[in-house]
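The next block holds one structure in the form of structure tokens; read it before the comments.
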Amino acid sequence: MNGISSKPTLPSGIYALTSELHSQGRSNIEVASEILASGVPILQYREKSKKVRKMYEECLVLRALTQEYGALFIINDHLDLALAVCADGVHIGQDDLPLSKVREIVGPNLMIGVSTHSPDQARAAVSGGADYIGVGPIYATHTKIDVCDPVGLDYLDYVVKNLEIPFVAIGGIKEHNLATVLKAGARTVALVTEIVGNPDIANKIKSLQRIMETQTL
């Protein structure tokens with residue numbers, strides 16, 4: 001590098017996450033291939049119970065796929081995996097390593113996203129140099145065991161009106177409530193089971209993209 005950062009920025013659109021537990025018997029690779037072929041611009045690898053070697057092998061494939069489709073590849077929690085497969089970024093929670101230490105480890109050119117659940121946490125992430133924040137859970141979600149209570153649209157409204165940092169709305173977002181989240185000001189929206197649990201991922205994503213296009217015109 002010549003000192004010029006090549007760090008990407010958070011795109012608008014669907015932010016997809018893996019969850020093999022909810023993928024109807026399909027592998028992360030199979031599901032991610034369908035997601036990326038449908039034009040989703042960002043994919044996060046989130047697995048909580050697999051062995052590291054298996055995750056590494058999956059992430060190598062997903063890194064190649066995201067590069068093929070021109071999508072960003074984010075890895076949840078595992079800084080070592082993100083560095084090992086040259087991911088675009090990492091996403092951390094409130095109970096993970098401090099943001100300052102994560103930046104020290106991954107360097108200046110990886111995106112760091114931070115899950116936030118309150119204005120105080122959001123402001124701390126901004127002041128700490130996060131590249132984007134997760135805002136949620138907007139609605140009740142069951143894809144994580146240790147998830148906090150829903151924060152609702154009030155917290156989303158706070159972020160929209162008071163902070164300049166890019167953000168992704170997350171938590172219990174489905175096709176039936178997507179328009180509400182978009183009307184509240186979200187432009188990047190994370191969906192998990194609504195996508196990976198659908199038997200026809202391509203058509204589900206098309207339906208979601210139509211809603212996003214209509215609401216963000």
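Convention: chains lettered A, B, ... in structure tokens order; per-chain residue numbering from 1; ligands numbered from 1 as shown.
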### Query
Quick one: DSSP alpha helix (DSSP H) residues in segment 5-91 of chain A, as a ChimeraX atom specification?
/A:28-37,52-69,79-84
Could you list, as an MDAnalysis selection string, every residue within 7 Å of Ser19 of chain A, counting only C-alpha atoms and ignoring same-chain residues fewer than 4 positions away?
chainID A and resid 23 46:47 196
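Residue neighbourhood of Lys101 of chain A, excluding near-sequence residues (fewer than 3 positions): Leu79, Ile92, Asp96, Leu97, Pro98, Glu104, Ile105, Val106, Gly107, Pro108, Ile112, Gly128, Gly129 and Ala130 of chain A, at 12 Å, using only C-alpha atoms.
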How would the residues just picked look written out with N, CA, C and O atoms as an mmCIF file, in the first residue's frame?
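Done, and the output landed in part24.cif:
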```
data_model
loop_
_atom_site.group_PDB
_atom_site.id
_atom_site.type_symbol
_atom_site.label_atom_id
_atom_site.label_comp_id
_atom_site.auth_asym_id
_atom_site.auth_seq_id
_atom_site.Cartn_x
_atom_site.Cartn_y
_atom_site.Cartn_z
ATOM 1 N N LEU A 79 -11.875 -12.057 14.015
ATOM 2 C CA LEU A 79 -10.877 -11.197 13.378
ATOM 3 C C LEU A 79 -9.843 -12.030 12.636
ATOM 4 O O LEU A 79 -9.362 -11.636 11.573
ATOM 5 N N ILE A 92 -18.487 -6.568 14.986
ATOM 6 C CA ILE A 92 -18.347 -6.934 16.389
ATOM 7 C C ILE A 92 -19.547 -6.475 17.195
ATOM 8 O O ILE A 92 -20.278 -5.559 16.796
ATOM 9 N N ASP A 96 -17.687 -8.030 22.588
ATOM 10 C CA ASP A 96 -16.453 -8.482 21.948
ATOM 11 C C ASP A 96 -15.287 -7.587 22.350
ATOM 12 O O ASP A 96 -15.430 -6.709 23.205
ATOM 13 N N LEU A 97 -14.138 -7.789 21.722
ATOM 14 C CA LEU A 97 -12.990 -6.929 22.001
ATOM 15 C C LEU A 97 -13.351 -5.464 21.774
ATOM 16 O O LEU A 97 -14.168 -5.151 20.905
ATOM 17 N N PRO A 98 -12.748 -4.560 22.529
ATOM 18 C CA PRO A 98 -13.022 -3.133 22.313
ATOM 19 C C PRO A 98 -12.687 -2.706 20.884
ATOM 20 O O PRO A 98 -11.761 -3.242 20.262
ATOM 21 N N GLU A 104 -6.646 -1.909 16.022
ATOM 22 C CA GLU A 104 -5.210 -2.172 16.142
ATOM 23 C C GLU A 104 -4.839 -3.505 15.489
ATOM 24 O O GLU A 104 -3.799 -3.619 14.831
ATOM 25 N N ILE A 105 -5.689 -4.490 15.652
ATOM 26 C CA ILE A 105 -5.413 -5.829 15.120
ATOM 27 C C ILE A 105 -5.610 -5.904 13.611
ATOM 28 O O ILE A 105 -4.773 -6.446 12.887
ATOM 29 N N VAL A 106 -6.719 -5.369 13.118
ATOM 30 C CA VAL A 106 -7.047 -5.557 11.695
ATOM 31 C C VAL A 106 -6.439 -4.504 10.790
ATOM 32 O O VAL A 106 -6.413 -4.669 9.572
ATOM 33 N N GLY A 107 -5.976 -3.394 11.370
ATOM 34 C CA GLY A 107 -5.366 -2.359 10.552
ATOM 35 C C GLY A 107 -6.365 -1.354 10.004
ATOM 36 O O GLY A 107 -7.567 -1.444 10.272
ATOM 37 N N PRO A 108 -5.878 -0.405 9.212
ATOM 38 C CA PRO A 108 -6.722 0.717 8.792
ATOM 39 C C PRO A 108 -7.656 0.441 7.628
ATOM 40 O O PRO A 108 -8.581 1.212 7.388
ATOM 41 N N ILE A 112 -14.950 -1.872 9.962
ATOM 42 C CA ILE A 112 -15.390 -2.404 11.246
ATOM 43 C C ILE A 112 -16.814 -1.933 11.485
ATOM 44 O O ILE A 112 -17.088 -0.732 11.520
ATOM 45 N N GLY A 128 -15.328 6.145 18.495
ATOM 46 C CA GLY A 128 -14.263 5.153 18.458
ATOM 47 C C GLY A 128 -13.756 4.831 17.068
ATOM 48 O O GLY A 128 -12.794 4.076 16.925
ATOM 49 N N GLY A 129 -14.418 5.366 16.052
ATOM 50 C CA GLY A 129 -13.936 5.171 14.689
ATOM 51 C C GLY A 129 -14.554 4.017 13.929
ATOM 52 O O GLY A 129 -13.985 3.544 12.932
ATOM 53 N N ALA A 130 -15.729 3.571 14.342
ATOM 54 C CA ALA A 130 -16.420 2.524 13.576
ATOM 55 C C ALA A 130 -16.730 3.030 12.169
ATOM 56 O O ALA A 130 -16.968 4.222 11.963
#
```
Next on the checklist: Show me, as a ChimeraX atom specification, the residues that have an atom within 6 Å of Asn76 of chain A when counting only C-alpha atoms, minus same-chain residues fewer than 4 positions from it.
Outcome noted: /A:45-46,90-91
Task: Pro41 of chain A surroundings by only C-alpha atoms, 7 Å radius, close-in-sequence under 4 positions cut, as a PyMOL selection string - done: chain A and resi 11+13-15+71-72
Atom CA of Asp200 of chain A sits from atom CA of Val31 of chain A at a separation of 10.1 Å
Q.
Report, in Å to a single decimal, how far apart atom CA of Gly70 of chain A and atom CA of Met212 of chain A are.
A.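 Straight-line distance from atom CA of Met212 of chain A to atom CA of Gly70 of chain A works out to 19.9 Å.
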